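Structure below is upload_18.cif: mmCIF, C-alpha atoms.
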```cif
data_structure
#
loop_
_atom_site.label_atom_id
_atom_site.label_comp_id
_atom_site.auth_asym_id
_atom_site.auth_seq_id
_atom_site.Cartn_x
_atom_site.Cartn_y
_atom_site.Cartn_z
CA MET P 1 4.05 -21.20 10.43
CA SER P 2 4.94 -21.57 14.07
CA GLN P 3 4.33 -18.84 16.65
CA LEU P 4 8.08 -18.26 16.96
CA LEU P 5 8.51 -17.76 13.21
CA LYS P 6 5.57 -15.36 13.16
CA TYR P 7 7.20 -13.15 15.80
CA ILE P 8 10.56 -13.29 14.03
CA PHE P 9 8.94 -12.34 10.69
CA ILE P 10 7.21 -9.30 12.19
CA LEU P 11 9.89 -8.06 14.57
CA LEU P 12 13.08 -8.46 12.56
CA PHE P 13 12.01 -6.72 9.34
CA PRO P 14 12.32 -3.21 10.76
CA SER P 15 15.83 -3.91 12.11
CA VAL P 16 17.47 -4.59 8.74
CA GLN P 17 20.16 -2.03 7.93
CA ILE P 18 19.59 -0.21 4.63
CA PHE P 19 21.75 2.42 3.01
CA SER P 20 20.25 4.21 -0.01
CA GLN P 21 17.89 7.10 -0.78
CA GLY P 22 14.28 7.18 0.34
CA SER P 23 11.18 7.47 -1.85
CA ALA P 24 9.66 10.89 -0.97
CA GLY P 25 10.33 14.41 -2.19
CA ASP P 26 12.09 15.92 -5.19
CA GLU P 27 15.28 13.95 -4.54
CA ALA P 28 13.65 10.51 -4.26
CA LYS P 29 15.52 7.79 -6.15
CA PHE P 30 12.83 5.10 -6.01
CA GLU P 31 9.24 5.01 -7.19
CA TYR P 32 6.08 4.61 -5.14
CA ARG P 33 4.39 1.27 -5.68
CA TYR P 34 1.39 2.41 -3.65
CA LEU P 35 -0.05 5.74 -2.57
CA VAL P 36 -1.98 5.00 0.65
CA ASP P 37 -3.71 1.77 -0.45
CA GLN P 38 -3.85 2.35 -4.22
CA PRO P 39 -1.35 0.46 -6.40
CA THR P 40 0.54 2.61 -8.91
CA ALA P 41 2.58 1.76 -12.00
CA GLY P 42 5.76 2.24 -9.97
CA ILE P 43 8.11 -0.69 -9.58
CA LEU P 44 11.35 -1.55 -7.82
CA GLU P 45 14.31 -1.72 -10.13
CA LYS P 46 16.08 -5.03 -10.55
CA GLY P 47 18.25 -5.71 -7.50
CA VAL P 48 16.38 -3.33 -5.17
CA VAL P 49 14.83 -4.71 -1.97
CA GLY P 50 12.10 -2.92 -0.04
CA ILE P 51 10.97 -3.69 3.52
CA THR P 52 7.81 -2.08 4.87
CA THR P 53 6.07 -2.09 8.23
CA GLU P 54 2.56 -0.65 8.67
CA ILE P 55 0.87 0.02 12.01
CA LEU P 56 -2.90 0.52 11.82
CA PRO P 57 -5.81 0.86 14.28
CA ASN P 58 -6.94 -2.12 16.38
CA GLY P 59 -3.33 -3.06 17.02
CA VAL P 60 -2.81 -4.18 13.42
CA LEU P 61 0.77 -4.63 12.26
CA ILE P 62 1.72 -5.77 8.75
CA ALA P 63 5.29 -6.43 7.56
CA ALA P 64 6.20 -6.91 3.90
CA ILE P 65 9.30 -7.55 1.85
CA GLU P 66 9.48 -6.80 -1.88
CA ALA P 67 12.24 -7.25 -4.43
CA GLY P 68 12.90 -6.30 -8.03
CA VAL P 69 13.77 -9.72 -9.42
CA PHE P 70 13.89 -8.91 -13.14
CA GLU P 71 13.82 -5.78 -15.23
CA ASN P 72 10.34 -4.27 -14.64
CA VAL P 73 9.16 -7.25 -12.55
CA SER P 74 8.89 -7.35 -8.75
CA ILE P 75 7.49 -9.82 -6.24
CA GLY P 76 6.64 -9.55 -2.57
CA ILE P 77 5.30 -11.34 0.47
CA SER P 78 3.64 -9.92 3.58
CA TYR P 79 2.14 -11.07 6.86
CA GLY P 80 0.50 -9.59 9.92
CA GLY P 81 -2.37 -9.64 12.35
CA SER P 82 -4.61 -7.56 14.58
CA ASN P 83 -4.16 -6.93 18.31
CA PHE P 84 -0.39 -7.18 17.79
CA ILE P 85 -0.06 -3.93 19.72
CA GLY P 86 -2.17 -4.19 22.87
CA SER P 87 -2.92 -7.04 25.26
CA GLY P 88 -4.22 -10.56 24.88
CA ASN P 89 -3.72 -12.94 22.00
CA ILE P 90 -2.69 -11.79 18.55
CA ASP P 91 -5.23 -12.57 15.83
CA TRP P 92 -2.89 -13.61 13.04
CA TYR P 93 -4.04 -13.47 9.45
CA ASN P 94 -4.90 -16.86 7.95
CA TRP P 95 -2.37 -16.62 5.12
CA PRO P 96 0.58 -14.49 4.05
CA GLY P 97 -0.17 -11.97 1.34
CA VAL P 98 1.55 -12.32 -2.03
CA ALA P 99 2.22 -9.63 -4.60
CA ILE P 100 3.59 -9.58 -8.12
CA ARG P 101 3.68 -6.80 -10.66
CA ALA P 102 5.13 -6.21 -14.10
CA ARG P 103 5.46 -2.88 -15.86
CA VAL P 104 4.41 -3.46 -19.44
CA PHE P 105 5.11 0.10 -20.67
CA ASN P 106 7.65 2.55 -19.33
CA GLU P 107 6.72 6.21 -19.12
CA THR P 108 7.63 8.47 -22.04
CA THR P 109 7.16 12.18 -22.66
CA LEU P 110 3.68 11.59 -24.05
CA MET P 111 2.63 8.25 -22.56
CA PRO P 112 2.14 7.13 -18.93
CA ALA P 113 3.74 4.08 -17.38
CA ILE P 114 1.44 1.04 -17.27
CA ALA P 115 1.73 -1.90 -14.88
CA LEU P 116 -0.28 -5.09 -14.27
CA GLY P 117 -0.23 -7.05 -11.05
CA PHE P 118 -1.83 -8.97 -8.24
CA ASP P 119 -1.79 -8.26 -4.50
CA SER P 120 -3.69 -10.38 -1.97
CA GLN P 121 -2.77 -8.39 1.16
CA GLY P 122 -5.71 -6.56 2.68
CA LYS P 123 -5.39 -4.37 5.78
CA GLY P 124 -7.04 -4.00 9.14
CA ILE P 125 -9.06 -6.66 10.94
CA TYR P 126 -9.78 -9.84 9.00
CA TYR P 127 -13.47 -10.76 9.30
CA LYS P 128 -13.59 -14.54 8.95
CA ASP P 129 -17.39 -14.74 8.66
CA ASP P 130 -17.35 -12.41 5.65
CA ASP P 131 -14.03 -13.70 4.29
CA ARG P 132 -12.54 -10.22 3.91
CA PHE P 133 -10.29 -7.59 5.43
CA ALA P 134 -11.65 -4.28 6.71
CA ILE P 135 -9.67 -2.72 3.83
CA LYS P 136 -9.96 -5.08 0.88
CA SER P 137 -6.84 -6.23 -0.92
CA PRO P 138 -6.39 -4.88 -4.47
CA GLY P 139 -6.49 -8.36 -5.99
CA PHE P 140 -5.87 -8.16 -9.74
CA PHE P 141 -5.04 -4.63 -10.89
CA GLY P 142 -3.88 -2.47 -13.76
CA ALA P 143 -2.33 0.93 -13.04
CA VAL P 144 -1.24 3.97 -15.05
CA SER P 145 1.08 6.71 -13.74
CA LYS P 146 2.35 9.97 -15.28
CA ASN P 147 4.84 12.45 -13.82
CA PHE P 148 4.98 16.19 -14.49
CA ASP P 149 7.41 18.98 -13.58
CA PHE P 150 5.27 21.33 -11.48
CA LEU P 151 6.84 23.18 -8.56
CA GLY P 152 8.87 20.04 -8.00
CA TYR P 153 7.03 16.97 -9.24
CA LEU P 154 3.36 16.09 -9.63
CA SER P 155 2.43 12.46 -10.28
CA LEU P 156 -1.05 11.38 -11.39
CA HIS P 157 -2.26 7.80 -10.94
CA GLY P 158 -5.25 5.72 -12.00
CA THR P 159 -6.03 2.10 -11.10
CA VAL P 160 -8.63 -0.48 -12.02
CA ASN P 161 -8.80 -3.54 -9.77
CA TYR P 162 -10.83 -6.63 -8.92
CA SER P 163 -10.56 -8.00 -5.38
CA LEU P 164 -11.20 -11.66 -4.61
CA GLU P 165 -12.46 -10.95 -1.10
CA GLY P 166 -15.90 -10.80 0.41
CA ASP P 167 -19.46 -11.25 -0.84
CA GLU P 168 -19.47 -12.31 -4.48
CA ALA P 169 -22.51 -10.08 -5.08
CA ASP P 170 -20.47 -7.06 -3.95
CA ASN P 171 -17.37 -7.85 -6.02
CA PHE P 172 -17.34 -5.50 -9.00
CA VAL P 173 -14.51 -4.05 -11.02
CA ASN P 174 -13.34 -1.04 -9.04
CA LEU P 175 -11.69 2.29 -9.92
CA ARG P 176 -9.24 4.45 -7.99
CA THR P 177 -7.52 7.72 -8.74
CA GLY P 178 -4.81 9.61 -6.91
CA LEU P 179 -1.83 11.91 -6.97
CA GLU P 180 1.50 12.64 -5.33
CA LYS P 181 2.86 16.19 -4.97
CA THR P 182 6.42 16.65 -3.78
CA LEU P 183 6.97 19.30 -1.12
CA GLY P 184 10.65 20.12 -1.24
CA SER P 185 13.52 17.68 -1.31
CA SER P 186 12.25 15.09 1.17
CA PHE P 187 8.46 15.46 1.68
CA SER P 188 5.49 14.38 -0.43
CA LEU P 189 1.72 14.71 -0.11
CA LEU P 190 -0.40 11.75 -1.26
CA ILE P 191 -4.13 11.88 -2.06
CA GLU P 192 -6.32 9.06 -3.39
CA TYR P 193 -9.99 8.36 -3.96
CA ASP P 194 -11.36 4.81 -4.06
CA PHE P 195 -14.78 4.67 -5.76
CA ALA P 196 -15.46 1.46 -3.76
CA PHE P 197 -17.73 -0.10 -6.39
CA ASN P 198 -16.66 -3.41 -4.83
CA ASP P 199 -17.23 -2.35 -1.22
CA ASN P 200 -20.75 -0.95 -0.90
CA ASN P 201 -22.13 -3.77 1.25
CA SER P 202 -24.30 -2.08 3.87
CA ASN P 203 -22.28 -3.79 6.62
CA TYR P 204 -19.15 -1.90 5.53
CA GLY P 205 -19.60 1.06 3.19
CA ASP P 206 -22.25 3.75 2.70
CA GLY P 207 -21.60 4.32 -1.01
CA LYS P 208 -19.52 7.51 -0.73
CA GLY P 209 -16.21 5.86 -1.56
CA TYR P 210 -12.98 6.18 0.39
CA PHE P 211 -10.96 9.39 0.38
CA ASN P 212 -7.48 8.87 1.82
CA ALA P 213 -4.47 11.14 2.28
CA GLY P 214 -0.91 10.71 3.47
CA ILE P 215 2.35 12.48 4.15
CA ARG P 216 5.74 10.92 3.34
CA TRP P 217 9.11 12.05 4.68
CA SER P 218 12.49 10.68 3.62
CA PRO P 219 15.08 11.71 6.22
CA GLY P 220 17.74 9.89 4.16
CA THR P 221 19.68 6.62 4.03
CA GLY P 222 16.81 4.62 2.53
CA PHE P 223 14.36 5.54 5.25
CA THR P 224 10.84 6.80 4.51
CA ILE P 225 8.21 7.51 7.18
CA GLY P 226 4.55 7.91 6.30
CA LEU P 227 1.46 9.05 8.18
CA ASP P 228 -1.84 8.07 6.54
CA PHE P 229 -5.41 9.25 7.10
CA ARG P 230 -8.10 6.95 5.71
CA ASP P 231 -11.82 7.34 5.07
CA LEU P 232 -11.96 11.11 5.46
CA LEU P 233 -15.51 11.05 4.00
CA SER P 234 -16.68 8.66 6.76
CA ASN P 235 -17.84 6.03 4.27
CA LYS P 236 -17.60 3.21 6.80
CA SER P 237 -20.95 2.22 8.26
CA SER P 238 -19.61 2.54 11.79
CA SER P 239 -18.64 6.15 12.43
CA SER P 240 -16.40 5.01 15.27
CA ASN P 241 -14.14 3.35 12.69
CA ALA P 242 -13.99 6.34 10.34
CA GLY P 243 -10.95 8.54 9.91
CA ASP P 244 -8.32 5.87 10.57
CA ARG P 245 -4.76 6.98 11.23
CA SER P 246 -1.78 4.73 10.52
CA LEU P 247 2.01 4.78 10.43
CA LYS P 248 4.14 3.38 7.61
CA ILE P 249 7.91 2.81 7.68
CA GLU P 250 9.84 1.81 4.56
CA TYR P 251 13.47 0.87 3.96
CA LEU P 252 15.05 0.47 0.53
CA LYS P 253 18.36 -1.04 -0.52
CA SER P 254 20.04 -1.75 -3.83
CA ILE P 255 21.94 -5.02 -3.47
CA PHE P 256 23.82 -4.61 -6.75
#
```

Rewrite the structure from the file as structure tokens, please.
Amino acid sequence: MSQLLKYIFILLFPSVQIFSQGSAGDEAKFEYRYLVDQPTAGILEKGVVGITTEILPNGVLIAAIEAGVFENVSIGISYGGSNFIGSGNIDWYNWPGVAIRARVFNETTLMPAIALGFDSQGKGIYYKDDDRFAIKSPGFFGAVSKNFDFLGYLSLHGTVNYSLEGDEADNFVNLRTGLEKTLGSSFSLLIEYDFAFNDNNSNYGDGKGYFNAGIRWSPGTGFTIGLDFRDLLSNKSSSSNAGDRSLKIEYLKSIF
């Protein structure tokens, strides 16, 4: 991919015009596919396109496009790099990230929704010597999600995943759990805990797991803004990198 195409890919995504409801609050029309970093059993309906831009520490910017291509099946592609915001050269990621998910069971009154998928997009700086992102990609995952009527809506989520990144000795099956609580018509609170069984290498994690939280706001017309707070337990070995803050912007559009 040429330098020109890289800039076009990153810069043009946020400028696409979208006109539909957002994904936060009691009146959300579309499901979350992720909390902060945790995949859920949510999926884009057939004919819905989602465009997301994330801005993270160290000048990291990641843009992604996702589409519901069949009933209960979506695919996506993403790309980014570090030092995008700042000065000097941009350190582009080696490869675009790819994502695919299929919901194998829809939610019922008694049963949660269940989805299977793969997502190769990690986040943060990519450490070439260790062949991994600062925040590992989910890799292969299975997710369950259940919604409840509770002062609006309360959604509970659980995920098991296996990342393909990093030291093979540190790659174990991992568990994550999380929730979303709506706060009125257009706000939601997200909380997740990553047990980090696959990320306890002494160069990265201290064994406490990753506790992340986020706020989502849908001001309308397919526009959702998110503010995320990662590693609130200071699990990262370097305390200077703990407590990351990041911004997420999502647009959704039904093309049918």

Residue nearest Phe70 in chain P among P:Ser145, P:Gln38, P:Arg103, P:Tyr93 (counting only C-alpha atoms): P:Arg103

Option closest in space to Ser82 in chain P, from P:Ile55, P:Trp95, P:Gly68, P:Leu116 [counting only C-alpha atoms]: P:Ile55

Resolved residues for the PyMOL selection byres ((chain P and resi 126) around 9) as number ranges by chain: P: 81-82, 91-94, 122-125, 127-128, 130-135

Nearest residue to Asn106 in chain P from the set P:Glu71, P:Asp129, P:Glu250, P:Asp206 (distances using all atoms listed in the file):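 So, comparing all the options, the nearest one is P:Glu71.
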
Near-Asn161 in chain P list (7 Å; all atoms listed in the file; drop same-chain fewer than 4 positions) as a list of chain:residue names: P:Pro138, P:Gly139, P:Phe140, P:Phe141, P:Gly142, P:Val173, P:Asn174, P:Leu175

With C-alpha atoms retained, could you export that selection as a PDB file, in the frame of the given file?
```pdb
ATOM      1  CA  PRO P 138      -6.390  -4.880  -4.470  1.00  0.00           C
ATOM      2  CA  GLY P 139      -6.490  -8.360  -5.990  1.00  0.00           C
ATOM      3  CA  PHE P 140      -5.870  -8.160  -9.740  1.00  0.00           C
ATOM      4  CA  PHE P 141      -5.040  -4.630 -10.890  1.00  0.00           C
ATOM      5  CA  GLY P 142      -3.880  -2.470 -13.760  1.00  0.00           C
ATOM      6  CA  VAL P 173     -14.510  -4.050 -11.020  1.00  0.00           C
ATOM      7  CA  ASN P 174     -13.340  -1.040  -9.040  1.00  0.00           C
ATOM      8  CA  LEU P 175     -11.690   2.290  -9.920  1.00  0.00           C
TER       9      LEU P 175
END
```
